[in-house]
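Chemist: Here it is, the structure in full.
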Amino acid sequence: MKKLLFTLFLLPYLVYAQKAYFIDGFHGGIWGHYPAGYTSYIVEQLNRNPAWNINLEIEPETWKRDLKSDVAGFRAIRELLKDTSANSRIEYVNPAYGQPYMFNISGESIIRQFSYGMKMLTGYFPSITFRTYSSEEPCFTSALPQILKSFGYSYASLKNPNTCWGGYTRAYGRELVNWIGPDGTSILASPRYAIEALKPNSTWETIGNANSREFIASAFADGIKSPVGMCLQDAGWRFGPWLKGDFYKPTTYTTWRNYFENITDRTNVSDWKFTQEDVQTSLVWGAQVLQRLAQQTRIAENKVVQAEKIASLQKLEKNIAYPSASINDAWRNLMLAQHHDCWIVPYNRDGGNTWADKVKNWTNKTNQVADSIYRRMANAEFAEDGFKFRVYNTLGRERTEWLKVPLPKNVSDTQGLTMVDQNNKKLPVQVLKDRKSILFKARVPAMGYAVFELKKQARSIIGSNGKNATIKFLQNGDCILETDLYKIHIDKSKGGTIKSLVAKKLKEKEFIDADSERKFNELRGNFYKKGGFMTNTDQPARISVLENGPFMLSVSIRTEIAGNPVTQVITMQQGEPRIDCNLRIDWKGNEGIGEFEESNYKATTLRKAFYNDKYKLLTLFPLALKGQRVFKDAPFDVVESRLENTFFGSWDSIKNNVVFNWVDVLSGDKEFGMALFSDHVTSYSHGSDFPLALTTQYSGKALWGRNYVLDGPTEISYKLLPHMGDWQKAEINYRNEQIKEPLQAISISSDPGIKQRSFIESSTGALEISSCNFEGEDLYIRIFNAAKTKTKGTIKLNFNVSAASFVNLDGSKMSDTALSAKGEGITEIAVNLNPFGITTLKVSKQ
């Protein structure tokens with residue numbers, strides 16, 4: 001007993017003999033916050049504090065300005081970065097061009113954020129190296145390990161102790177973990193320790209942000225031999241070294257690389273199979289401003305990738321100059337639009353524009369570049385011999401899909417219009433009611449094009465050989481939509497909600513839960529200024545026909561919610577498994593929608609009105625699926641949800657309830673499922689006693705007490721896909737690729753010559769062509785295994801190839817490839833990828 005008492009008495013002194021460490025440095029840049037002359041201030045502080053080491057997360061474009069306005073500071077930083085050893089006083093820990101959150105942008109965008117940022121930084125600091133990834137914000141996503149490793153990184157941090165407004169990673173492990181991504185790649189990482197609790201009386205910090213004595217003591221007690229705290233200060237703060245006052249001593253400032261290589265104990269490191277739900281986020285999902293910028297970035301993101309592919313195909317075929325400068329400018333603007341500040345402080349204003357204004361301007365510029373490559377048909381003329389256009393397919397497999405194309409402006413009479421394919425075979429067409437466009441089914445080879453021609457003849461094919469898609473109304477006003485795949489019953493009396501959805505070719509499965517209190521496609525939310533929950537099912541709908549076959553059906557459903565007009569449009573096509581839905585709400589004023597009215601907002605209050613999605617305006621989808629399991633995609637990943645439900649009302653209990661592109665609900669027996677595709681990153685709802693729902697609107701106070709208002713109509717779109725089997729069997733990822741990269745029609749005025757051609761083809765649908773672009777005369781093809789299983793296959797190149805190799809994202813060679821000749825100008829290359837793995841094929845033409 002005396003020995004025990006003596007040990008307890010001595011413990012504080014033993015603890016204080018052990019060293020702790022701290023990651024200090026700076027975060028920001030000219031777009032976020034970086035005052036003129038601030039680089040010289042950093043250098044001055046380094047000179048005053050010789051024991052101080054720093055880590056930098058500075059927007060790369062910052063140095064372009066400093067090279068002109070703060071030359072002395074810039075040169076001093078450049079000199080410090082010449083020391084590339086682990087003992088250097090300075091380390092660049094995040095080169096991402098626009099400092100994005102990562103979890104809300106595509107995998108390809110993440111790669112470009114690193115590649116463009118690293119290239120620019122290397123131009124300013126030729127000796128710079130990148131070994132550790134770290135961020136002051138929750139800029140994490142599950143696929144980062146393989147991306148970081150391919151860029152040459154060795155280490156990562158999963159901490160963001162001082163800026164958790166937008167979220168934080170799950171607390172896990174001790175000193176180090178092997179952060180394992182979905183493809184199995186592992187990177188050595190410093191986690192938010194299991195003992196690293198959220199800080200009391202704060203909604204933006206953990207206890208690891210200032211090396212308090214309590215934090216370090218808890219770390220030692222948990223067996224962490226070299227505990228490390230962290231704060232990357234906002235550029236502009238003038239505190240000098242961060243630690244002040246009553247912090248644990250002895251604490252040593254360090255760079256991340258030095259910490260990993262010279263300080264930590266790498267023995268007995270535990271493995272952490274990190275999933276996307278370990279990134280716990282709390283943005284203002286459902287706010288109108290966030291919806292719009294999420295839609296704008298999604299559109300631009302998809303357009304620039306597809307434009308790159310089309311430009312690559314044009315260069316492969318006719319050696320048309322690849323527009324590198326324009327595409328680089330398109331990416332630059334998109335990467336700035338993906339900046340984390342756009343998403344968390346969209347109303348903040350600088351230079352007369354808010355972040356939301358900037359996003360609109362930036363994405364418009366990206367779209368202009370993409371559209372210039374697409375060369376739209378709007379001004380095309382109908383010649384005497386017909387109207388020709390080339391349809392591009394930018395996916396790695398052949399597609400047969402309905403395609404809507406605008407009619408030439410000089411076509412006023414649509415009688416007798418006939419479409420013919422590359423073999424002069426007549427194709428059925430549907431002239432749409434606006435008389436400005438037509439619908440036809442186009443068959444286009446993999447990663448290539450096919451030529452089609454619109455002609456005028458005495459007779460045209462306007463129907464099909466089988467049963468046409470039809471709309472009919474019942475005596476009670478209900479509407480029945482029927483294609484060869486589905487029969488949908490719209491209930492007029494219940495606000496035009498869907499009463500029945502039968503999938504004819506999926507064993508006549510009824511997908512709608514008739515016993516649910518809620519209706520399918522119902523809008524419901526808590527309007528706290530008007531007395532509580534309201535719905536659009538309380539009164540009959542007005543249903544009108546927009547298109548009535550023979551191949552496409554479309555109806556408009558008009559209702560109200562809380563006195564605000566609502567228009568829902570449902571569109572179906574013959575043979576198409578997706579059901580398209582568009583929603584517009586014309587707000588008459590700024591409604592309050594959410595859990596409660598936050599009249600006295602305080603940053604330190606844990607409970608906030610914008611957290612709990614259950615009270616937001618939701619679009620609901622009760623499904624007749626027993627034992628429901630939920631799957632959702634993420635950048636280069638798909639995860640099965642482990643959440644009992646998606647709801648939380650407090651900052652200290654936030655969850656990853658994000659729908660990135662899609663969320664899929666599967667029955668417990670894995671027989672049937674329903675996928676929901678969103679046109680923007682937002683949140684979804686689901687629980688054991690709550691149906692699948694899409695967050696549609698929040699209005700009220702949120703972060704920093706800012707009022708997130710309704711200042712115009714809400715317009716969103718979503719798609720539904722009933723299916724059999726799980727997401728992989730139903731090819732949900734591929735269906736999403738079809739949405740992201742639709743068939744593109746480009747008018748041509750001259751003889752097309754070759755009428756059909758494929759340039760790149762994947763042997764299996766699991767191997768997706770994530771991107772395809774030229775750098776100089778070399779073609780880079782990114783391949784993603786969109787499957788939860790290992791995939792072996794081939795990529796067929798239908799053009800002359802002199803050499804090919806697999807390369808890392810940093811450009812270094814991984815391996816040469818065996819070129820298998822399959823005929824004149826045809827080469828096959830074997831690909832073997834882990835689940836959710838990516839690889840890059842570098843191809844040199846002859």
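Just remember, in the structure tokens the first chain shown is A, the second B, etc., residues are 1-based per chain, and ligands are 1-based in the order shown.
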Quick one: residues within 12 Å of Leu403 (chain A), only C-alpha atoms counted, chain neighbours fewer than 4 positions away excluded, as a PyMOL selection string?

Modeler: chain A and resi 391-393+399+419+427-432+437-444+452+551-552+573+576+738+742-745

Chemist: Would you list the contacts of region 504-509 of chain A as a PyMOL selection string, taking every protein, DNA or RNA residue within 7 Å and counting only C-alpha atoms, but skipping same-chain residues closer than 6 positions in sequence?

Modeler: chain A and resi 485-486+724

Chemist: Among region 116-317 of chain A, which ones does DSSP place in helix (DSSP H, G or I), written as JSON, numbers by chain?

Modeler: {"A": [116, 117, 118, 119, 120, 121, 122, 123, 124, 144, 145, 146, 147, 148, 149, 150, 213, 214, 215, 216, 217, 218, 219, 220, 221, 256, 257, 258, 259, 260, 261, 262, 263, 276, 277, 278, 288, 289, 290, 291, 292, 293, 294, 295, 296, 297, 298, 299, 300, 301, 302, 303, 304, 305, 306, 307, 308, 309, 310, 311, 312, 313, 314, 315, 316, 317]}

Chemist: Pick out the residues sitting within 12 Å of Leu666 (chain A), and hand them over as an NGL selection string; count only C-alpha atoms, and ignore anything fewer than 6 positions along from it in its own chain.

Modeler: :A and (511 or 623-632 or 640-641 or 672-676 or 692 or 721-730)

Chemist: I'd like the neighbourhood of Asn55 (chain A) as a PDB file with C-alpha atoms, in the first residue's frame, where a residue qualifies if any of its atoms comes within 6 Å (using only C-alpha atoms), though same-chain residues fewer than 6 positions away should be ignored.

Modeler:
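The file below, part-v4.pdb, is the result:
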ATOM      1  CA  GLY A  25       1.541  26.731 -38.639  1.00  0.00           C
ATOM      2  CA  ILE A  90       8.923  24.260 -42.331  1.00  0.00           C
ATOM      3  CA  GLU A  91       6.746  21.684 -44.100  1.00  0.00           C
ATOM      4  CA  TYR A  92       4.051  22.204 -46.735  1.00  0.00           C
ATOM      5  CA  THR A 255       6.773  19.548 -38.395  1.00  0.00           C
TER       6      THR A 255
END

Chemist: When DSSP is applied to the backbone of this structure, which of region 257-474 of chain A are assigned strand (DSSP E)? Write them out as a PyMOL selection string.

Modeler: chain A and resi 270-273+279-281+349-350+353-354+387-393+399-406+417-420+426-427+429-431+437-444+448-456+470-473

Chemist: If we count only C-alpha atoms and set the cut-off at 9 Å, which residues sit around Ser270 (chain A), ignoring sequence neighbours fewer than 3 positions away in its own chain? Please answer as a PyMOL selection string.

Modeler: chain A and resi 173-174+176-179

Chemist: Would you output that residue set with all heavy atoms, as a short mmCIF file (atom, residue, chain, number, x, y, z; two decimals), in the first residue's frame?

Modeler:
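That gives us selection_12.cif:
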data_model
loop_
_atom_site.label_atom_id
_atom_site.label_comp_id
_atom_site.auth_asym_id
_atom_site.auth_seq_id
_atom_site.Cartn_x
_atom_site.Cartn_y
_atom_site.Cartn_z
N GLY A 173 -8.25 5.14 -31.77
CA GLY A 173 -6.86 4.72 -31.67
C GLY A 173 -6.01 5.56 -30.74
O GLY A 173 -6.49 6.42 -30.01
N ARG A 174 -4.72 5.27 -30.81
CA ARG A 174 -3.77 5.93 -29.93
C ARG A 174 -2.82 6.80 -30.74
O ARG A 174 -3.24 7.67 -31.47
CB ARG A 174 -3.05 4.88 -29.09
CG ARG A 174 -3.98 4.18 -28.07
CD ARG A 174 -3.21 3.22 -27.17
NE ARG A 174 -4.04 2.74 -26.07
CZ ARG A 174 -4.84 1.69 -26.14
NH1 ARG A 174 -4.92 1.00 -27.27
NH2 ARG A 174 -5.57 1.33 -25.10
N LEU A 176 -0.58 6.30 -33.30
CA LEU A 176 -0.58 6.18 -34.75
C LEU A 176 -1.57 5.10 -35.17
O LEU A 176 -1.85 4.17 -34.42
CB LEU A 176 0.81 5.82 -35.27
CG LEU A 176 1.95 6.82 -35.04
CD1 LEU A 176 3.25 6.22 -35.54
CD2 LEU A 176 1.66 8.14 -35.73
N VAL A 177 -2.05 5.22 -36.39
CA VAL A 177 -2.85 4.16 -37.01
C VAL A 177 -2.39 4.00 -38.45
O VAL A 177 -1.82 4.92 -39.05
CB VAL A 177 -4.37 4.48 -36.99
CG1 VAL A 177 -4.89 4.56 -35.58
CG2 VAL A 177 -4.67 5.75 -37.77
N ASN A 178 -2.63 2.83 -38.98
CA ASN A 178 -2.53 2.64 -40.42
C ASN A 178 -3.90 2.95 -41.00
O ASN A 178 -4.84 2.16 -40.84
CB ASN A 178 -2.12 1.19 -40.74
CG ASN A 178 -0.71 0.89 -40.32
OD1 ASN A 178 0.21 1.67 -40.56
ND2 ASN A 178 -0.50 -0.26 -39.68
N TRP A 179 -4.02 4.12 -41.60
CA TRP A 179 -5.29 4.54 -42.20
C TRP A 179 -5.46 3.77 -43.50
O TRP A 179 -4.72 3.96 -44.45
CB TRP A 179 -5.24 6.04 -42.43
CG TRP A 179 -6.41 6.63 -43.17
CD1 TRP A 179 -7.58 6.01 -43.52
CD2 TRP A 179 -6.50 7.97 -43.67
NE1 TRP A 179 -8.40 6.88 -44.20
CE2 TRP A 179 -7.77 8.08 -44.30
CE3 TRP A 179 -5.66 9.08 -43.65
CZ2 TRP A 179 -8.18 9.28 -44.91
CZ3 TRP A 179 -6.09 10.26 -44.25
CH2 TRP A 179 -7.33 10.36 -44.87
#

Chemist: Env of Ile769 (chain A): 8 Å cut, atoms = only C-alpha atoms, seq-sep filter 4 positions within chain, self excluded. Answer as a list in words.

Modeler: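 Here the answer would be Leu395, Gly396, Ser762, Ile781, Arg782, Ile783 and Phe784 of chain A.
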
Chemist: May I have the selected residues written with N, CA, C and O atoms, as an mmCIF file, in the first residue's frame?

Modeler:
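What landed in selection_19.cif:
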data_model
loop_
_atom_site.group_PDB
_atom_site.id
_atom_site.type_symbol
_atom_site.label_atom_id
_atom_site.label_comp_id
_atom_site.auth_asym_id
_atom_site.auth_seq_id
_atom_site.Cartn_x
_atom_site.Cartn_y
_atom_site.Cartn_z
ATOM 1 N N LEU A 395 -18.091 7.236 -72.147
ATOM 2 C CA LEU A 395 -17.890 6.133 -71.205
ATOM 3 C C LEU A 395 -17.211 4.967 -71.916
ATOM 4 O O LEU A 395 -17.228 4.871 -73.144
ATOM 5 N N GLY A 396 -16.665 4.058 -71.127
ATOM 6 C CA GLY A 396 -15.858 2.972 -71.679
ATOM 7 C C GLY A 396 -16.633 1.765 -72.141
ATOM 8 O O GLY A 396 -16.043 0.702 -72.359
ATOM 9 N N SER A 762 -13.558 -0.605 -72.386
ATOM 10 C CA SER A 762 -13.318 -1.447 -71.215
ATOM 11 C C SER A 762 -13.998 -2.788 -71.402
ATOM 12 O O SER A 762 -15.115 -2.860 -71.915
ATOM 13 N N ILE A 781 -5.030 7.994 -69.306
ATOM 14 C CA ILE A 781 -6.351 7.390 -69.108
ATOM 15 C C ILE A 781 -6.436 6.918 -67.663
ATOM 16 O O ILE A 781 -5.672 6.049 -67.233
ATOM 17 N N ARG A 782 -7.353 7.511 -66.884
ATOM 18 C CA ARG A 782 -7.542 7.088 -65.498
ATOM 19 C C ARG A 782 -8.630 6.023 -65.448
ATOM 20 O O ARG A 782 -9.713 6.183 -66.029
ATOM 21 N N ILE A 783 -8.348 4.947 -64.749
ATOM 22 C CA ILE A 783 -9.270 3.808 -64.680
ATOM 23 C C ILE A 783 -9.639 3.573 -63.218
ATOM 24 O O ILE A 783 -8.768 3.529 -62.345
ATOM 25 N N PHE A 784 -10.916 3.423 -62.962
ATOM 26 C CA PHE A 784 -11.439 3.206 -61.610
ATOM 27 C C PHE A 784 -12.210 1.901 -61.576
ATOM 28 O O PHE A 784 -13.061 1.652 -62.429
#

Chemist: Got a sec: who's within 6 Å of region 332-343 of chain A, counting only C-alpha atoms, leaving out chain neighbours fewer than 3 positions off, as a list of chain:residue names?

Modeler: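 Residues meeting the cut-off are A:Gly98, A:Gln99, A:Pro100, A:Tyr101, A:Asp329, A:Pro346, A:Trp355, A:Val359, A:Trp362, A:Thr363.
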
Chemist: What does the file look like for those residues with all heavy atoms, as a compact mmCIF listing (two decimals), in the first residue's frame?

Modeler:
# COMPACT_ATOMS: atom_id res chain seq x y z
N GLY A 98 -7.51 24.53 -54.19
CA GLY A 98 -8.60 25.32 -53.62
C GLY A 98 -9.01 24.90 -52.24
O GLY A 98 -10.10 25.25 -51.79
N GLN A 99 -8.17 24.14 -51.52
CA GLN A 99 -8.45 23.71 -50.15
C GLN A 99 -9.87 23.16 -49.98
O GLN A 99 -10.64 23.61 -49.14
CB GLN A 99 -8.23 24.87 -49.18
CG GLN A 99 -6.79 25.33 -49.11
CD GLN A 99 -6.55 26.39 -48.03
OE1 GLN A 99 -7.46 26.86 -47.38
NE2 GLN A 99 -5.30 26.76 -47.85
N PRO A 100 -10.26 22.16 -50.78
CA PRO A 100 -11.62 21.62 -50.68
C PRO A 100 -11.78 20.68 -49.49
O PRO A 100 -10.81 20.18 -48.94
CB PRO A 100 -11.76 20.84 -51.98
CG PRO A 100 -10.37 20.35 -52.25
CD PRO A 100 -9.46 21.46 -51.80
N TYR A 101 -13.04 20.45 -49.12
CA TYR A 101 -13.34 19.50 -48.06
C TYR A 101 -13.00 18.06 -48.46
O TYR A 101 -12.85 17.21 -47.61
CB TYR A 101 -14.82 19.57 -47.68
CG TYR A 101 -15.15 20.64 -46.67
CD1 TYR A 101 -16.17 21.55 -46.90
CD2 TYR A 101 -14.44 20.74 -45.49
CE1 TYR A 101 -16.47 22.53 -45.97
CE2 TYR A 101 -14.73 21.72 -44.55
CZ TYR A 101 -15.75 22.61 -44.80
OH TYR A 101 -16.04 23.58 -43.88
N ASP A 329 -7.58 26.45 -67.51
CA ASP A 329 -8.33 27.57 -66.96
C ASP A 329 -9.68 27.10 -66.42
O ASP A 329 -10.15 27.57 -65.37
CB ASP A 329 -8.53 28.64 -68.02
CG ASP A 329 -9.17 29.90 -67.45
OD1 ASP A 329 -8.63 30.47 -66.49
OD2 ASP A 329 -10.23 30.32 -67.97
N PRO A 346 -20.86 30.63 -47.17
CA PRO A 346 -21.21 31.10 -48.53
C PRO A 346 -21.64 32.55 -48.58
O PRO A 346 -21.54 33.19 -49.63
CB PRO A 346 -22.37 30.17 -48.92
CG PRO A 346 -22.94 29.69 -47.63
CD PRO A 346 -21.77 29.57 -46.70
N TRP A 355 -18.99 34.44 -51.30
CA TRP A 355 -18.44 33.19 -51.81
C TRP A 355 -19.42 32.55 -52.80
O TRP A 355 -19.01 31.98 -53.83
CB TRP A 355 -18.17 32.22 -50.67
CG TRP A 355 -16.87 32.43 -49.96
CD1 TRP A 355 -16.68 33.00 -48.73
CD2 TRP A 355 -15.56 32.06 -50.42
NE1 TRP A 355 -15.35 33.01 -48.40
CE2 TRP A 355 -14.63 32.44 -49.42
CE3 TRP A 355 -15.08 31.46 -51.58
CZ2 TRP A 355 -13.26 32.23 -49.54
CZ3 TRP A 355 -13.71 31.25 -51.71
CH2 TRP A 355 -12.83 31.63 -50.70
N VAL A 359 -18.70 31.43 -56.66
CA VAL A 359 -18.93 30.09 -57.20
C VAL A 359 -19.69 30.17 -58.52
O VAL A 359 -19.35 29.48 -59.49
CB VAL A 359 -19.71 29.21 -56.19
CG1 VAL A 359 -20.20 27.92 -56.84
CG2 VAL A 359 -18.82 28.87 -54.99
N TRP A 362 -17.21 31.50 -61.13
CA TRP A 362 -16.16 30.52 -61.45
C TRP A 362 -16.71 29.36 -62.28
O TRP A 362 -16.12 28.96 -63.28
CB TRP A 362 -15.55 30.00 -60.16
CG TRP A 362 -14.57 30.93 -59.50
CD1 TRP A 362 -13.72 31.81 -60.13
CD2 TRP A 362 -14.31 31.08 -58.10
NE1 TRP A 362 -12.97 32.48 -59.20
CE2 TRP A 362 -13.30 32.06 -57.95
CE3 TRP A 362 -14.83 30.47 -56.96
CZ2 TRP A 362 -12.80 32.44 -56.70
CZ3 TRP A 362 -14.33 30.85 -55.71
CH2 TRP A 362 -13.34 31.81 -55.59
N THR A 363 -17.84 28.81 -61.86
CA THR A 363 -18.39 27.66 -62.58
C THR A 363 -18.90 28.05 -63.95
O THR A 363 -18.84 27.25 -64.89
CB THR A 363 -19.50 26.98 -61.76
OG1 THR A 363 -20.50 27.93 -61.41
CG2 THR A 363 -18.94 26.34 -60.49

Chemist: By how many Å are CA of Ile488 (chain A) and CA of Ser500 (chain A) apart?

Modeler: 5.6 Å

Chemist: Between A:Lys159, A:Lys492, A:Arg112, A:Lys425, which one has atoms that come closest to Ile327 (chain A), using only C-alpha atoms?

Modeler: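 Once distances to Ile327 (chain A) are computed over only C-alpha atoms, the minimum belongs to A:Arg112.
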
Chemist: Quick one: of A:Asn47, A:Gly223, A:Pro408, A:Ile58, who's nearest to Gly240 (chain A), counting only C-alpha atoms?

Modeler: A:Asn47

Chemist: In Å, how far is it from CA of Asn201 (chain A) to CA of Trp651 (chain A)?

Modeler: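 Computing it gives 11.0 Å between the two atoms.
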
Chemist: Between A:Ser212, A:Asn423, A:Ser493, A:Thr252, which one has atoms that come closest to Ala450 (chain A), using only C-alpha atoms?

Modeler: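 That would be A:Asn423, the residue with the smallest distance to Ala450 (chain A).
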
Chemist: Give the answer as one residue: which of A:Ala787, A:Leu290, A:Val555, A:Ala194 has the shortest atom-to-atom distance to Phe473 (chain A), using only C-alpha atoms?

Modeler: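 That would be A:Val555, the residue with the smallest distance to Phe473 (chain A).
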
Chemist: Pick out the closest residue to Gly549 (chain A) from this set: A:His27, A:Lys433, A:His489, A:Lys530. Count only C-alpha atoms.

Modeler: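 The closest residue to Gly549 (chain A) is A:Lys433.
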